[in-house]
$ cat query-v2.tsv   # TSV, C-alpha atoms and all ligand atoms
chain	number	residue	atom	x	y	z
K	1	MET	CA	0.00	0.00	0.00
K	2	MET	CA	1.31	3.43	-0.86
K	3	LEU	CA	1.42	5.82	2.13
K	4	THR	CA	0.15	9.33	1.55
K	5	LEU	CA	3.09	11.49	2.50
K	6	PRO	CA	2.49	15.17	3.18
K	7	ASP	CA	3.80	17.75	0.73
K	8	VAL	CA	3.47	20.70	3.11
K	9	GLN	CA	4.19	21.35	6.78
K	10	TYR	CA	0.87	22.73	7.97
K	11	ASP	CA	-1.88	20.48	9.16
K	12	LEU	CA	-5.32	22.08	8.97
K	13	ARG	CA	-7.96	20.06	10.81
K	14	PRO	CA	-11.47	20.23	9.39
K	15	GLY	CA	-13.89	22.14	11.61
K	16	ILE	CA	-11.14	24.00	13.50
K	17	ILE	CA	-10.10	27.58	12.81
K	18	GLU	CA	-6.37	27.09	13.21
K	19	PHE	CA	-5.27	30.33	14.84
K	20	ARG	CA	-2.14	28.38	15.88
K	21	ALA	CA	-0.81	28.73	12.30
K	22	GLY	CA	2.13	30.95	11.40
K	23	HIS	CA	1.88	30.93	7.63
K	24	PRO	CA	1.25	33.57	5.00
K	25	ASP	CA	-2.11	33.50	3.22
K	26	LEU	CA	-1.76	30.73	0.66
K	27	ALA	CA	-4.01	32.60	-1.80
K	28	LEU	CA	-1.58	35.54	-1.76
K	29	LEU	CA	1.49	33.51	-2.76
K	30	PRO	CA	2.47	35.18	-6.06
K	31	ALA	CA	2.45	32.24	-8.47
K	32	ALA	CA	2.13	34.40	-11.62
K	33	GLY	CA	5.14	36.49	-10.57
K	34	PHE	CA	7.18	33.33	-10.01
K	35	LEU	CA	6.26	32.06	-13.45
K	36	GLN	CA	7.49	35.33	-14.96
K	37	ALA	CA	10.69	35.47	-12.87
K	38	THR	CA	11.53	31.81	-13.51
K	39	GLN	CA	11.04	32.28	-17.25
K	40	VAL	CA	13.39	35.28	-17.27
K	41	ILE	CA	16.07	33.25	-15.48
K	42	LEU	CA	15.73	30.12	-17.61
K	43	GLU	CA	15.77	32.07	-20.87
K	44	ARG	CA	18.56	34.41	-19.89
K	45	GLU	CA	20.96	32.52	-17.63
K	46	ALA	CA	19.89	28.90	-17.23
K	47	SER	CA	23.39	27.44	-17.09
K	48	ARG	CA	24.56	29.85	-14.38
K	49	ALA	CA	21.38	29.40	-12.34
K	50	LEU	CA	21.53	25.60	-12.54
K	51	SER	CA	25.23	25.31	-11.60
K	52	TYR	CA	26.77	24.99	-8.14
K	53	GLY	CA	26.50	28.52	-6.74
K	54	ALA	CA	28.99	30.93	-5.20
K	55	GLU	CA	29.32	30.20	-1.46
K	56	GLN	CA	28.16	33.66	-0.39
K	57	GLY	CA	25.09	33.44	-2.63
K	58	PRO	CA	24.77	34.53	-6.25
K	59	GLY	CA	26.05	38.04	-6.99
K	60	CYS	CA	22.85	38.85	-8.88
K	61	LEU	CA	20.75	38.37	-5.72
K	62	ILE	CA	23.23	40.05	-3.38
K	63	ASN	CA	23.28	43.17	-5.59
K	64	GLN	CA	19.50	43.27	-5.98
K	65	LEU	CA	18.97	42.65	-2.27
K	66	CYS	CA	21.38	45.38	-1.11
K	67	ALA	CA	19.73	47.97	-3.38
K	68	TRP	CA	16.26	46.80	-2.32
K	69	LEU	CA	17.06	46.93	1.42
K	70	GLY	CA	18.40	50.45	1.03
K	71	ARG	CA	15.35	51.58	-0.94
K	72	MET	CA	12.76	49.81	1.20
K	73	GLN	CA	14.13	50.89	4.55
K	74	GLY	CA	15.49	54.29	3.64
K	75	GLU	CA	18.91	53.21	4.91
K	76	THR	CA	22.31	53.14	3.29
K	77	PRO	CA	22.38	49.85	1.39
K	78	PRO	CA	24.58	47.27	3.15
K	79	ALA	CA	27.99	46.65	1.59
K	80	THR	CA	27.99	43.43	-0.43
K	81	GLU	CA	30.71	41.86	1.76
K	82	GLN	CA	28.29	42.09	4.70
K	83	VAL	CA	25.69	39.82	3.09
K	84	LEU	CA	25.30	36.06	3.06
K	85	ILE	CA	22.39	34.40	1.26
K	86	SER	CA	20.91	31.75	3.54
K	87	GLY	CA	18.39	28.94	3.37
K	88	GLY	CA	16.00	31.12	5.41
K	89	ALA	CA	16.41	32.65	8.86
K	90	SER	CA	16.22	29.22	10.54
K	91	GLN	CA	19.17	27.87	8.54
K	92	ALA	CA	21.17	31.05	9.19
K	93	LEU	CA	20.58	30.73	12.95
K	94	ASP	CA	21.56	27.07	12.83
K	95	MET	CA	24.77	27.91	10.98
K	96	LEU	CA	25.65	30.70	13.42
K	97	CYS	CA	25.15	28.34	16.36
K	98	MET	CA	27.33	25.74	14.64
K	99	LEU	CA	30.14	28.17	13.86
K	100	LEU	CA	30.09	30.51	16.85
K	101	THR	CA	29.10	28.32	19.82
K	102	GLU	CA	30.12	25.15	21.65
K	103	PRO	CA	27.72	22.76	23.37
K	104	GLY	CA	27.13	24.00	26.93
K	105	ASP	CA	27.61	27.68	26.01
K	106	MET	CA	25.04	30.08	27.33
K	107	ALA	CA	22.71	32.00	25.00
K	108	LEU	CA	20.48	34.81	26.21
K	109	VAL	CA	17.03	34.84	24.63
K	110	GLN	CA	14.28	37.40	24.71
K	111	SER	CA	11.13	36.18	26.46
K	112	PRO	CA	8.74	35.65	24.89
K	113	THR	CA	10.40	34.70	21.64
K	114	TYR	CA	9.93	32.59	18.52
K	115	HIS	CA	9.59	29.10	19.96
K	116	LEU	CA	11.26	27.27	17.09
K	117	ALA	CA	14.40	29.41	17.34
K	118	LEU	CA	14.64	28.02	20.88
K	119	ARG	CA	14.52	24.54	19.34
K	120	VAL	CA	17.33	25.38	16.91
K	121	MET	CA	19.52	26.64	19.77
K	122	ARG	CA	18.68	23.59	21.89
K	123	ASP	CA	19.79	21.36	18.98
K	124	HIS	CA	23.22	22.91	19.55
K	125	ARG	CA	23.02	22.11	23.28
K	126	LEU	CA	23.07	25.76	24.31
K	127	GLU	CA	21.96	26.69	27.78
K	128	LEU	CA	19.16	29.22	27.27
K	129	VAL	CA	18.65	32.07	29.73
K	130	SER	CA	15.62	34.36	29.39
K	131	VAL	CA	15.73	38.14	29.36
K	132	PRO	CA	12.25	39.63	29.95
K	133	SER	CA	10.44	42.10	27.73
K	134	ASP	CA	7.48	44.46	28.14
K	135	ASP	CA	5.33	46.69	25.94
K	136	GLU	CA	8.48	48.45	24.63
K	137	GLY	CA	10.27	45.23	23.72
K	138	LEU	CA	13.33	43.64	25.35
K	139	ASN	CA	14.05	45.08	28.80
K	140	VAL	CA	17.51	46.48	28.18
K	141	ASP	CA	18.08	47.32	31.86
K	142	ALA	CA	17.42	43.70	32.79
K	143	LEU	CA	19.81	42.66	30.01
K	144	GLU	CA	22.53	44.91	31.43
K	145	GLU	CA	22.03	43.45	34.92
K	146	THR	CA	22.24	39.91	33.54
K	147	LEU	CA	25.38	40.70	31.55
K	148	THR	CA	27.04	42.38	34.52
K	149	SER	CA	26.23	39.51	36.85
K	150	LEU	CA	27.41	36.88	34.33
K	151	GLN	CA	30.61	38.82	33.73
K	152	ARG	CA	31.25	38.88	37.50
K	153	ARG	CA	30.77	35.13	37.60
K	154	GLY	CA	33.20	34.68	34.69
K	155	ARG	CA	30.47	33.15	32.53
K	156	PRO	CA	29.81	35.54	29.61
K	157	PRO	CA	27.00	34.43	27.25
K	158	ARG	CA	27.97	33.53	23.70
K	159	LEU	CA	25.10	35.45	22.12
K	160	LEU	CA	21.75	37.16	22.54
K	161	TYR	CA	18.85	36.19	20.27
K	162	LEU	CA	15.85	38.50	19.90
K	163	VAL	CA	12.97	39.32	17.55
K	164	PRO	CA	12.87	43.10	17.95
K	165	THR	CA	10.33	44.05	15.28
K	166	PHE	CA	6.72	42.80	15.43
K	167	ASN	CA	7.90	40.06	17.72
K	168	ASN	CA	6.74	36.50	17.26
K	169	PRO	CA	4.63	35.94	19.38
K	170	SER	CA	3.98	39.31	21.11
K	171	GLY	CA	3.79	41.65	18.09
K	172	ILE	CA	5.75	44.22	20.13
K	173	THR	CA	8.48	46.36	18.55
K	174	LEU	CA	11.60	47.44	20.41
K	175	THR	CA	11.66	51.24	20.75
K	176	LEU	CA	14.36	53.35	19.12
K	177	GLU	CA	15.74	54.39	22.50
K	178	ARG	CA	16.15	50.77	23.57
K	179	ARG	CA	17.65	49.82	20.19
K	180	ARG	CA	20.33	52.45	20.74
K	181	ALA	CA	20.93	51.28	24.31
K	182	LEU	CA	21.17	47.66	23.14
K	183	ALA	CA	23.64	48.56	20.39
K	184	GLU	CA	25.82	50.27	23.03
K	185	LEU	CA	25.59	47.34	25.44
K	186	ALA	CA	26.59	44.95	22.67
K	187	GLN	CA	29.69	46.99	22.07
K	188	GLN	CA	30.49	47.40	25.78
K	189	PHE	CA	30.14	43.67	26.55
K	190	LYS	CA	31.40	42.42	23.16
K	191	LEU	CA	28.12	40.56	22.88
K	192	ILE	CA	27.06	38.90	19.63
K	193	VAL	CA	23.44	39.93	19.03
K	194	VAL	CA	21.30	37.95	16.58
K	195	GLU	CA	18.53	40.28	15.45
K	196	ASP	CA	15.91	38.06	13.83
K	197	ASP	CA	14.00	40.58	11.72
K	198	VAL	CA	11.83	38.50	9.41
K	199	TYR	CA	8.73	40.71	9.87
K	200	TYR	CA	10.45	44.10	9.45
K	201	GLN	CA	8.88	44.91	6.06
K	202	LEU	CA	5.37	43.89	7.14
K	203	TRP	CA	4.27	47.08	8.93
K	204	TYR	CA	0.65	48.19	8.79
K	205	ASP	CA	0.56	51.64	10.37
K	206	ARG	CA	4.00	53.25	10.29
K	207	PRO	CA	7.51	52.03	9.51
K	208	PRO	CA	9.41	50.53	12.46
K	209	PRO	CA	12.54	52.22	13.87
K	210	PRO	CA	15.89	51.52	12.17
K	211	SER	CA	17.32	48.05	12.72
K	212	ILE	CA	19.71	47.52	15.63
K	213	TYR	CA	22.24	46.39	13.01
K	214	SER	CA	22.12	49.81	11.32
K	215	LEU	CA	22.55	51.62	14.66
K	216	ALA	CA	25.55	49.66	15.90
K	217	PRO	CA	29.02	50.92	15.22
K	218	SER	CA	30.62	47.61	16.20
K	219	GLY	CA	30.46	44.47	14.10
K	220	SER	CA	28.80	42.27	16.71
K	221	ILE	CA	25.19	42.61	15.52
K	222	ILE	CA	23.95	40.00	13.04
K	223	ARG	CA	20.64	40.69	11.34
K	224	LEU	CA	18.58	37.89	9.80
K	225	GLY	CA	16.07	38.47	7.02
K	226	SER	CA	13.87	36.09	5.09
K	227	PHE	CA	11.79	35.80	1.94
K	228	SER	CA	9.46	33.39	3.78
K	229	LYS	CA	7.06	36.03	5.09
K	230	ILE	CA	7.25	38.54	2.24
K	231	LEU	CA	7.40	36.17	-0.74
K	232	ALA	CA	7.01	32.43	-0.11
K	233	PRO	CA	8.29	30.07	2.62
K	234	GLY	CA	8.75	27.28	0.06
K	235	LEU	CA	11.68	29.19	-1.43
K	236	ARG	CA	13.75	28.40	1.71
K	237	LEU	CA	15.63	31.60	1.13
K	238	GLY	CA	16.80	34.42	3.34
K	239	TRP	CA	19.84	36.53	4.13
K	240	MET	CA	22.21	37.45	6.89
K	241	LEU	CA	23.78	40.89	7.38
K	242	ALA	CA	26.93	40.72	9.48
K	243	SER	CA	30.50	41.93	9.72
K	244	PRO	CA	32.67	40.87	6.77
K	245	GLU	CA	34.58	38.67	9.23
K	246	ILE	CA	31.48	36.68	10.22
K	247	VAL	CA	30.34	36.44	6.59
K	248	ARG	CA	33.80	35.09	5.65
K	249	ARG	CA	33.58	32.51	8.42
K	250	CYS	CA	30.27	31.25	7.10
K	251	VAL	CA	31.50	31.28	3.50
K	252	LYS	CA	34.43	29.07	4.51
K	253	SER	CA	32.21	26.49	6.23
K	254	GLY	CA	32.47	22.92	4.97
K	255	VAL	CA	28.86	22.75	3.87
K	256	LEU	CA	29.10	25.77	1.56
K	257	ASP	CA	32.53	24.71	0.31
K	258	SER	CA	31.14	21.30	-0.58
K	259	GLY	CA	27.70	22.19	-1.92
K	260	GLY	CA	28.08	25.81	-2.97
K	261	GLY	CA	25.67	28.58	-1.98
K	262	LEU	CA	22.29	27.50	-0.64
K	263	ASN	CA	19.22	27.30	-2.84
K	264	HIS	CA	21.11	28.80	-5.72
K	265	PHE	CA	18.35	28.40	-8.30
K	266	THR	CA	15.62	29.92	-6.14
K	267	ALA	CA	18.06	32.72	-5.29
K	268	HIS	CA	18.23	33.54	-9.02
K	269	VAL	CA	14.45	33.52	-9.26
K	270	ALA	CA	14.21	35.85	-6.24
K	271	ALA	CA	16.77	38.18	-7.88
K	272	ALA	CA	14.63	38.34	-11.03
K	273	PHE	CA	11.52	38.87	-8.90
K	274	ILE	CA	13.14	41.96	-7.35
K	275	GLU	CA	14.55	43.15	-10.69
K	276	LEU	CA	11.07	43.04	-12.26
K	277	GLY	CA	9.70	45.25	-9.47
K	278	LEU	CA	7.42	42.44	-8.28
K	279	LEU	CA	8.68	42.28	-4.69
K	280	ASP	CA	7.73	45.86	-3.85
K	281	GLN	CA	4.30	45.22	-5.34
K	282	GLN	CA	3.89	42.01	-3.34
K	283	ILE	CA	4.78	43.76	-0.09
K	284	TYR	CA	2.20	46.50	-0.69
K	285	THR	CA	-0.40	43.78	-1.39
K	286	LEU	CA	0.49	41.93	1.82
K	287	ARG	CA	0.48	45.08	3.96
K	288	ASN	CA	-3.00	46.01	2.74
K	289	ALA	CA	-4.42	42.50	3.14
K	290	TYR	CA	-2.89	41.81	6.55
K	291	ARG	CA	-3.73	45.26	7.95
K	292	GLU	CA	-7.38	44.61	7.18
K	293	ARG	CA	-7.25	41.13	8.76
K	294	ARG	CA	-5.53	42.46	11.86
K	295	ASP	CA	-8.30	45.04	12.23
K	296	VAL	CA	-11.03	42.45	11.71
K	297	LEU	CA	-9.51	40.16	14.36
K	298	VAL	CA	-8.91	42.90	16.92
K	299	ASN	CA	-12.47	44.22	16.50
K	300	ALA	CA	-13.89	40.72	16.80
K	301	LEU	CA	-11.84	40.03	19.97
K	302	GLU	CA	-13.12	43.31	21.39
K	303	GLU	CA	-16.68	42.25	20.65
K	304	HIS	CA	-16.59	38.63	21.79
K	305	LEU	CA	-13.94	38.15	24.49
K	306	PRO	CA	-14.51	38.65	28.22
K	307	GLN	CA	-13.43	42.06	29.49
K	308	ASP	CA	-10.52	40.72	31.50
K	309	CYS	CA	-8.68	39.52	28.37
K	310	ARG	CA	-5.86	41.77	27.23
K	311	TRP	CA	-3.81	42.34	24.08
K	312	VAL	CA	-1.82	45.09	22.44
K	313	THR	CA	-2.82	45.70	18.82
K	314	PRO	CA	0.22	44.67	16.77
K	315	GLN	CA	1.53	47.30	14.36
K	316	GLY	CA	2.85	44.65	12.00
K	317	GLY	CA	3.75	40.98	11.66
K	318	PHE	CA	1.50	37.94	11.94
K	319	PHE	CA	0.19	37.63	15.50
K	320	VAL	CA	-1.98	38.89	18.34
K	321	TRP	CA	-0.64	37.91	21.77
K	322	LEU	CA	-3.67	37.38	23.89
K	323	ARG	CA	-3.71	37.25	27.71
K	324	LEU	CA	-6.57	35.17	29.10
K	325	PRO	CA	-8.42	35.97	32.34
K	326	ALA	CA	-6.66	35.17	35.63
K	327	GLN	CA	-6.69	31.51	36.66
K	328	ILE	CA	-6.89	30.27	33.07
K	329	ASP	CA	-3.89	28.30	31.97
K	330	SER	CA	-3.88	28.51	28.17
K	331	ALA	CA	-2.34	25.02	27.72
K	332	SER	CA	-4.96	23.32	29.92
K	333	PHE	CA	-7.70	25.36	28.25
K	334	LEU	CA	-6.68	24.42	24.69
K	335	PRO	CA	-8.68	21.13	24.47
K	336	ALA	CA	-11.88	23.04	25.36
K	337	ALA	CA	-11.09	25.68	22.73
K	338	GLU	CA	-10.38	23.03	20.09
K	339	ALA	CA	-13.58	21.20	20.98
K	340	ALA	CA	-15.32	24.52	20.28
K	341	GLY	CA	-13.55	24.70	16.90
K	342	VAL	CA	-10.70	27.16	17.43
K	343	SER	CA	-6.99	26.68	18.19
K	344	TYR	CA	-3.98	28.77	19.28
K	345	ILE	CA	-0.46	28.15	20.54
K	346	PRO	CA	-0.16	28.22	24.35
K	347	GLY	CA	2.15	30.95	25.63
K	348	THR	CA	4.53	28.73	27.62
K	349	LEU	CA	6.16	27.49	24.41
K	350	PHE	CA	7.66	30.94	23.83
K	351	PHE	CA	9.51	31.10	27.15
K	352	ALA	CA	12.87	29.37	27.64
K	353	ASN	CA	12.71	29.27	31.44
K	354	GLY	CA	9.01	29.25	32.32
K	355	GLY	CA	6.26	31.85	32.09
K	356	GLY	CA	3.48	32.77	29.68
K	357	GLU	CA	0.82	30.48	31.23
K	358	ARG	CA	-2.02	32.92	30.59
K	359	TYR	CA	-1.06	33.76	27.01
K	360	CYS	CA	-2.08	32.48	23.57
K	361	ARG	CA	-0.54	33.24	20.18
K	362	VAL	CA	-3.24	33.94	17.62
K	363	ASN	CA	-2.49	34.26	13.89
K	364	PHE	CA	-4.49	36.57	11.64
K	365	THR	CA	-2.69	36.42	8.27
K	366	MET	CA	-4.05	33.11	7.06
K	367	PHE	CA	-7.78	33.67	7.49
K	368	SER	CA	-10.70	35.33	5.76
K	369	ARG	CA	-12.80	38.00	7.45
K	370	ASP	CA	-15.52	35.39	8.19
K	371	GLU	CA	-13.05	32.94	9.71
K	372	LEU	CA	-11.44	35.62	11.89
K	373	GLU	CA	-14.84	36.73	13.19
K	374	GLU	CA	-16.06	33.19	13.72
K	375	GLY	CA	-12.80	32.14	15.46
K	376	ALA	CA	-13.04	35.08	17.88
K	377	ARG	CA	-16.71	34.29	18.50
K	378	ARG	CA	-15.93	30.63	19.30
K	379	LEU	CA	-13.09	31.60	21.62
K	380	GLY	CA	-15.26	34.18	23.37
K	381	ASN	CA	-18.06	31.67	23.76
K	382	VAL	CA	-15.91	29.01	25.35
K	383	LEU	CA	-14.26	31.57	27.67
K	384	HIS	CA	-17.63	32.94	28.80
K	385	HIS	CA	-18.91	29.42	29.59
K	386	ARG	CA	-15.81	28.08	31.31
S	401	LIG	C1	10.82	35.24	14.21
S	401	LIG	C2	10.94	34.20	13.16
S	401	LIG	N1	12.16	33.86	12.72
S	401	LIG	C3	12.31	32.93	11.77
S	401	LIG	C4	11.23	32.27	11.22
S	401	LIG	C5	11.46	31.24	10.17
S	401	LIG	O1	12.09	31.87	9.10
S	401	LIG	P1	12.53	31.08	7.78
S	401	LIG	O2	11.30	30.56	7.13
S	401	LIG	O3	13.24	32.11	6.98
S	401	LIG	O4	13.44	29.98	8.23
S	401	LIG	C6	9.95	32.60	11.65
S	401	LIG	C7	8.77	31.89	11.11
S	401	LIG	O5	7.75	31.79	11.73
S	401	LIG	C8	9.81	33.59	12.65
S	401	LIG	O6	8.61	33.94	13.10
$ encode --input "query-v2.tsv" --output "structure tokens"
Amino acid sequence: MMLTLPDVQYDLRPGIIEFRAGHPDLALLPAAGFLQATQVILEREASRALSYGAEQGPGCLINQLCAWLGRMQGETPPATEQVLISGGASQALDMLCMLLTEPGDMALVQSPTYHLALRVMRDHRLELVSVPSDDEGLNVDALEETLTSLQRRGRPPRLLYLVPTFNNPSGITLTLERRRALAELAQQFKLIVVEDDVYYQLWYDRPPPPSIYSLAPSGSIIRLGSFSKILAPGLRLGWMLASPEIVRRCVKSGVLDSGGGLNHFTAHVAAAFIELGLLDQQIYTLRNAYRERRDVLVNALEEHLPQDCRWVTPQGGFFVWLRLPAQIDSASFLPAAEAAGVSYIPGTLFFANGGGERYCRVNFTMFSRDELEEGARRLGNVLHHR
């Protein structure tokens, strides 16, 4: 008998509105643009695009990306020797852990933070230590205290990982003042900071502050970007901005030496996508669609949820971070919610050292207006009748 093997990672259960998802809207994946970009590449430079690629990533994408980042963010474009094309932000983080850490090293992580980045770091046997955050993002004073105390104990952390812009899961963005303070601390403590910025371009009200990477004079900030959220996760393509020294270290890794640059063909297609002006267009489409969905969800939560629930309306990204009424543990409550036809991810998964029991991560990018309203209504109903 032939087993039916899945082609895709998500698992949508019939009858449940899967607010636990973290995917872009499948209907907004730009298939026609990919057809056009792929045709350009195959007609114009098939042999180059189908060869083993340069370790750093193909020059055509690096050049397009640098110009695009400068244009999109109103910043000086990064120098090409500060860019590495990656197999997405996850692969870049994995490579950094492999090259810059040893098993048993300590890594500081923002709490709450992207739960699967915690998994990547645990794969490398890092000891994870939480640094708290609040409505202005990572608590930089708490970070300074932790760094000072670890320095006194002769146990400096190897790195700090954070999602400063439209955080997954909280949606919160680190303020400009704290970004500056963090850039200074990184320099003072010679701390490697991994700024995972995959949602930066997806703002719905006003542009976020400049990246920490762009504010830091020292070379110890590494900024990760990805095409997963702005183009398509199936590309498995992203980028790393870092000091030329760190980029060189990655470029000399065995895996790139042996196999060449990652996802070389899709990197060519992405370069053509940018060159044709399709990426800017796609981002405007996503901003408009996701802004509307965010508003629909937030209004529906307002209408249906008990008054003692709390959330901060996210200014960008994919998620609403919902705090349930006191005494409700979101993990224990999940079966009741799913029985009522709505899911979420319990908050504890986003904390490395405990916390988040009352919180739920709720996605809004993948659902229609009707589904968002119905999901909020189901959640409200089950909370009112608990
Ligand atoms: C903060 C954050 N970083 C990284 C990723 C994964 O990025 P990629 O698909 O580029 O590996 C995600 C996806 O949910 C994310 O939310």
$ closest_residue --input "query-v2.tsv" --among "K:Thr4, K:Gln73, K:Thr148, K:Ser170" --to "Phe350 of chain K" --atoms "only C-alpha atoms"
K:Ser170
$ atom_distance --input "query-v2.tsv" --atom1 "atom CA of Arg20 of chain K" --atom2 "atom CA of Asn168 of chain K"
12.1 Å
$ closest_residue --input "query-v2.tsv" --among "K:Ile328, K:Met95, K:Leu118, K:Ala107" --to "Leu349 of chain K" --atoms "only C-alpha atoms"
K:Leu118
$ closest_atom_pairs --input "query-v2.tsv" --of "chain K" --to "ligand LIG 401 (chain S)" --cutoff "9 Å" --atoms "all atoms listed in the file" --output "CSV"
residue,atom,partner,partner_atom,distance
K:Gly22,CA,S:LIG401,O5,5.7
K:His23,CA,S:LIG401,O5,7.2
K:Ser86,CA,S:LIG401,O3,8.4
K:Gly87,CA,S:LIG401,O4,7.0
K:Gly88,CA,S:LIG401,O3,3.3
K:Ala89,CA,S:LIG401,O3,3.7
K:Ser90,CA,S:LIG401,O4,3.7
K:Gln91,CA,S:LIG401,O4,6.1
K:Ala92,CA,S:LIG401,O4,7.9
K:Leu93,CA,S:LIG401,O4,8.6
K:Thr113,CA,S:LIG401,C1,7.5
K:Tyr114,CA,S:LIG401,C1,5.1
K:His115,CA,S:LIG401,O6,8.5
K:Leu116,CA,S:LIG401,C4,7.7
K:Ala117,CA,S:LIG401,N1,6.8
K:Leu162,CA,S:LIG401,C1,8.3
K:Val163,CA,S:LIG401,C1,5.7
K:Pro164,CA,S:LIG401,C1,8.9
K:Thr165,CA,S:LIG401,C1,8.9
K:Phe166,CA,S:LIG401,C1,8.7
K:Asn167,CA,S:LIG401,C1,6.6
K:Asn168,CA,S:LIG401,O6,5.2
K:Pro169,CA,S:LIG401,O6,7.7
K:Asp196,CA,S:LIG401,N1,5.7
K:Asp197,CA,S:LIG401,C1,6.7
K:Val198,CA,S:LIG401,N1,5.7
K:Tyr199,CA,S:LIG401,C1,7.3
K:Leu224,CA,S:LIG401,N1,8.1
K:Gly225,CA,S:LIG401,O3,7.0
K:Ser226,CA,S:LIG401,O3,4.5
K:Phe227,CA,S:LIG401,O3,6.4
K:Ser228,CA,S:LIG401,O2,4.8
K:Lys229,CA,S:LIG401,O2,7.2
K:Ala232,CA,S:LIG401,O2,8.6
K:Pro233,CA,S:LIG401,O2,5.4
K:Gly234,CA,S:LIG401,O2,8.2
K:Leu235,CA,S:LIG401,O2,8.7
K:Arg236,CA,S:LIG401,O2,6.3
K:Leu237,CA,S:LIG401,O3,6.3
K:Gly238,CA,S:LIG401,O3,5.6
K:Trp239,CA,S:LIG401,O3,8.4
K:Gly317,CA,S:LIG401,O6,8.7
K:Phe318,CA,S:LIG401,O6,8.2
$ residues_around --input "query-v2.tsv" --residues "segment 320-324 of chain K" --least-positions-apart "6" --cutoff "10 Å" --atoms "all atoms listed in the file" --output "count of residues only"
38
$ decode --input "query-v2.tsv" --residues "segment 129-141 of chain K" --atoms "N, CA, C and O atoms" --output "tab-separated table (two decimals), in the first residue's frame"
chain	number	residue	atom	x	y	z
K	129	VAL	N	19.01	31.24	28.57
K	129	VAL	CA	18.65	32.07	29.73
K	129	VAL	C	17.77	33.22	29.24
K	129	VAL	O	18.17	33.97	28.34
K	130	SER	N	16.59	33.35	29.84
K	130	SER	CA	15.62	34.36	29.39
K	130	SER	C	15.98	35.76	29.84
K	130	SER	O	16.41	35.95	30.98
K	131	VAL	N	15.71	36.72	28.97
K	131	VAL	CA	15.73	38.14	29.36
K	131	VAL	C	14.31	38.66	29.11
K	131	VAL	O	13.78	38.48	28.00
K	132	PRO	N	13.66	39.27	30.11
K	132	PRO	CA	12.25	39.63	29.95
K	132	PRO	C	12.04	40.79	28.98
K	132	PRO	O	12.97	41.55	28.69
K	133	SER	N	10.80	40.91	28.51
K	133	SER	CA	10.44	42.10	27.73
K	133	SER	C	9.08	42.61	28.20
K	133	SER	O	8.37	41.93	28.93
K	134	ASP	N	8.76	43.84	27.76
K	134	ASP	CA	7.48	44.46	28.14
K	134	ASP	C	6.88	45.11	26.90
K	134	ASP	O	7.25	44.75	25.78
K	135	ASP	N	6.01	46.09	27.10
K	135	ASP	CA	5.33	46.69	25.94
K	135	ASP	C	6.26	47.53	25.06
K	135	ASP	O	5.84	48.01	23.99
K	136	GLU	N	7.51	47.73	25.49
K	136	GLU	CA	8.48	48.45	24.63
K	136	GLU	C	9.55	47.50	24.10
K	136	GLU	O	10.59	47.93	23.63
K	137	GLY	N	9.30	46.21	24.22
K	137	GLY	CA	10.27	45.23	23.72
K	137	GLY	C	11.22	44.75	24.81
K	137	GLY	O	10.92	44.88	26.00
K	138	LEU	N	12.37	44.20	24.39
K	138	LEU	CA	13.33	43.64	25.35
K	138	LEU	C	13.67	44.66	26.44
K	138	LEU	O	13.92	45.84	26.13
K	139	ASN	N	13.70	44.20	27.68
K	139	ASN	CA	14.05	45.08	28.80
K	139	ASN	C	15.58	45.20	28.86
K	139	ASN	O	16.27	44.30	29.33
K	140	VAL	N	16.06	46.32	28.35
K	140	VAL	CA	17.51	46.48	28.18
K	140	VAL	C	18.21	46.67	29.53
K	140	VAL	O	19.37	46.27	29.70
K	141	ASP	N	17.49	47.22	30.52
K	141	ASP	CA	18.08	47.32	31.86
K	141	ASP	C	18.29	45.93	32.46
K	141	ASP	O	19.34	45.64	33.04
